[in-house]
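> Below is one structure. I have some questions about it.
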Amino acid sequence: MTSVNTQSLAYNLLAAALRLALVLALIFAGLSIYRQLPADDAEATGSAVAGEQTALLIVLQPSPEDSAAAMNIAVELYPIDFSAAQREYLSERRPGVRFDEFLNRRMNGQSAVETQLDERGQTTVNVSPGKWWIHAVLTGAQNVEWRLPINVAGLKQTVELTPENAYAKMKSF
């Protein structure tokens, strides 16, 4: 006599249904994550293609009182807010950690870009797209300092350092 084991058949059907439900849930989860990823179309967003650099033109436009100052000043670009990193470092004791080490950790493997303006007050530097902070100081009748956050995107971009976007102006004696 052969008897059909209905419990075994029901168990097998339930197990197969649960396996199918698990596979469908994984596919649905993957598709929902994939749909939330940012678009990779560089032309639509106006940003540079991944791996390409942006040619950043930096132009110094001093005030009339500072027109006699030397225009070939040093300019530093940081991938983080350098001043905020300094404040954070000084606000809390870190025994055995120099500021350079702390800064390197905060920049997550990225490095600062240093350049110099020419005698006309211009330079072009290649940087990766993203958020950068420009730091520069013009010494003259008054010291003018820039700590300017910029969003770098596209193949070419121009940034003007003007008295209006300066961080601080200090009278020099």
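In the structure tokens, each chain is lettered A, B, ... as it comes, each chain's residues begin at 1, and ligands are numbered from 1 in order of appearance.
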Counting only C-alpha atoms, which residues of region 61-145 of chain A fall within 10 Å of region 161-165 of chain A, and what is the closest atom pair for each with its distance in Å at one decimal, ordered by chain and rising number, as a tab-separated table?


```
residue	atom	partner	partner_atom	distance
A:Gln61	CA	A:Thr162	CA	5.0
A:Pro62	CA	A:Thr162	CA	5.9
A:Ser63	CA	A:Pro163	CA	6.1
A:Pro64	CA	A:Pro163	CA	9.8
A:Asp66	CA	A:Pro163	CA	9.8
A:Gly121	CA	A:Leu161	CA	9.5
A:Gln122	CA	A:Leu161	CA	10.0
A:Ile134	CA	A:Leu161	CA	9.4
A:Ala136	CA	A:Leu161	CA	8.9
A:Val144	CA	A:Pro163	CA	7.7
A:Glu145	CA	A:Pro163	CA	9.2
```

> Store the residues picked out above in a file with C-alpha atoms, as a PDB file, in the first residue's frame.


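Output file out.pdb is given in full below:
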```pdb
ATOM      1  CA  GLN A  61      40.046  91.758  -8.367  1.00  0.00           C
ATOM      2  CA  PRO A  62      41.425  93.994  -5.594  1.00  0.00           C
ATOM      3  CA  SER A  63      39.768  97.155  -4.331  1.00  0.00           C
ATOM      4  CA  PRO A  64      41.148 100.496  -5.607  1.00  0.00           C
ATOM      5  CA  ASP A  66      44.824  97.661  -2.828  1.00  0.00           C
ATOM      6  CA  GLY A 121      46.257  88.153 -10.430  1.00  0.00           C
ATOM      7  CA  GLN A 122      45.164  85.020 -12.308  1.00  0.00           C
ATOM      8  CA  ILE A 134      39.742  78.743  -1.215  1.00  0.00           C
ATOM      9  CA  ALA A 136      44.220  83.421   0.129  1.00  0.00           C
ATOM     10  CA  VAL A 144      42.448  91.056   2.791  1.00  0.00           C
ATOM     11  CA  GLU A 145      41.755  87.383   3.524  1.00  0.00           C
TER      12      GLU A 145
END
```

> Near Tyr89 (chain A), within 9 Å and counting only C-alpha atoms, which residues show up once chain neighbours fewer than 5 positions away are dropped, as a count of residues only?

5

> Mind checking DSSP for chain A and telling me the strand (DSSP E or B) residues as an MDAnalysis selection string?

chainID A and resid 54:60 74:78 113:116 122:127 130:138 142:152 156:161 168:171

> Rounded to one decimal, what separation in Å do you get between CA of Gln86 (chain A) and CA of Trp146 (chain A)?

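One can read the CA of Gln86 (chain A) to CA of Trp146 (chain A) distance as 15.8 Å.
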
> Within 10 Å of region 77-79 of chain A, counting only C-alpha atoms, which residues show up once you throw out same-chain ones fewer than 3 positions away? Write them as a ChimeraX atom specification, please.

/A:82,106-108,110-115,125,127-128,130-136,147-150

> Please produce an output containing N, CA and C atoms for each residue in the selection, written as a tab-separated table (two decimals), in the first residue's frame.


```
chain	number	residue	atom	x	y	z
A	82	PHE	N	39.12	74.42	6.13
A	82	PHE	CA	40.37	74.44	6.87
A	82	PHE	C	40.21	75.14	8.21
A	106	ARG	N	41.13	64.17	8.47
A	106	ARG	CA	39.86	64.85	8.13
A	106	ARG	C	39.65	64.95	6.62
A	107	MET	N	40.74	65.00	5.84
A	107	MET	CA	40.62	65.14	4.39
A	107	MET	C	40.42	63.80	3.69
A	108	ASN	N	40.40	62.72	4.43
A	108	ASN	CA	40.11	61.38	3.90
A	108	ASN	C	40.92	61.04	2.65
A	110	GLN	N	42.34	62.90	0.51
A	110	GLN	CA	42.46	63.97	-0.49
A	110	GLN	C	43.58	64.90	-0.04
A	111	SER	N	44.08	65.68	-0.97
A	111	SER	CA	45.15	66.60	-0.59
A	111	SER	C	44.79	68.03	-0.99
A	112	ALA	N	45.41	68.97	-0.30
A	112	ALA	CA	45.21	70.38	-0.62
A	112	ALA	C	45.92	70.70	-1.93
A	113	VAL	N	45.43	71.71	-2.62
A	113	VAL	CA	46.05	72.16	-3.87
A	113	VAL	C	46.60	73.55	-3.62
A	114	GLU	N	47.90	73.72	-3.87
A	114	GLU	CA	48.54	75.01	-3.68
A	114	GLU	C	48.92	75.57	-5.05
A	115	THR	N	48.67	76.85	-5.23
A	115	THR	CA	49.01	77.51	-6.49
A	115	THR	C	49.39	78.96	-6.18
A	125	VAL	N	44.00	76.19	-12.23
A	125	VAL	CA	44.39	74.97	-11.53
A	125	VAL	C	43.34	73.90	-11.82
A	127	VAL	N	41.25	70.78	-10.57
A	127	VAL	CA	40.78	70.13	-9.35
A	127	VAL	C	39.62	69.20	-9.69
A	128	SER	N	39.39	68.26	-8.82
A	128	SER	CA	38.26	67.34	-9.03
A	128	SER	C	36.96	68.05	-8.65
A	130	GLY	N	33.49	68.97	-6.91
A	130	GLY	CA	33.04	68.81	-5.53
A	130	GLY	C	33.15	70.12	-4.78
A	131	LYS	N	33.00	70.04	-3.47
A	131	LYS	CA	33.05	71.23	-2.61
A	131	LYS	C	34.50	71.49	-2.21
A	132	TRP	N	34.96	72.73	-2.39
A	132	TRP	CA	36.31	73.16	-2.05
A	132	TRP	C	36.23	74.47	-1.29
A	133	TRP	N	37.30	74.78	-0.55
A	133	TRP	CA	37.42	76.06	0.15
A	133	TRP	C	38.70	76.72	-0.32
A	134	ILE	N	38.58	77.97	-0.77
A	134	ILE	CA	39.74	78.74	-1.22
A	134	ILE	C	40.23	79.59	-0.05
A	135	HIS	N	41.54	79.57	0.18
A	135	HIS	CA	42.14	80.40	1.21
A	135	HIS	C	43.26	81.20	0.56
A	136	ALA	N	43.20	82.53	0.69
A	136	ALA	CA	44.22	83.42	0.13
A	136	ALA	C	44.28	84.68	0.98
A	147	ARG	N	38.32	83.17	2.64
A	147	ARG	CA	38.02	81.79	3.03
A	147	ARG	C	36.70	81.47	2.34
A	148	LEU	N	36.80	81.16	1.08
A	148	LEU	CA	35.63	81.12	0.22
A	148	LEU	C	35.23	79.69	-0.13
A	149	PRO	N	34.02	79.25	0.27
A	149	PRO	CA	33.57	77.92	-0.15
A	149	PRO	C	33.04	77.99	-1.59
A	150	ILE	N	33.40	77.01	-2.41
A	150	ILE	CA	32.92	76.97	-3.79
A	150	ILE	C	32.50	75.55	-4.13
```

> Skipping near chain neighbours, those fewer than 2 positions away, what residues fall within 7 Å of Thr54 (chain A) using only C-alpha atoms, listed as a PyMOL selection string?

chain A and resi 48+52+56+126-129+153-156

> Which distance in Å separates CA of Ile27 (chain A) and CA of Leu14 (chain A), to one decimal?

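According to the coordinates, CA of Ile27 (chain A) and CA of Leu14 (chain A) are separated by 20.1 Å.
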
> Pick out the closest residue to Val152 (chain A) from this set: A:Thr123, A:Asn12, A:Gln36, A:Gln53. Count only C-alpha atoms.

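Using only C-alpha atoms, Val152 (chain A) sits closest to A:Gln53.
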
> What separation in Å, quoted to one decimal, exists between CA of Arg87 (chain A) and CA of Gln142 (chain A)?

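These atoms are spaced 24.8 Å apart.
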
> Give the answer as one residue: which of A:Leu9, A:Ala68, A:Leu60, A:Ala16 has the shortest atom-to-atom distance to Gln116 (chain A), using only C-alpha atoms?

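Among the listed residues, A:Leu60 lies closest to Gln116 (chain A).
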
> Where does DSSP see alpha helix (DSSP H) in chain A, if you list the residues as a ChimeraX atom specification?

/A:6-36,42-45,82-91,99-106
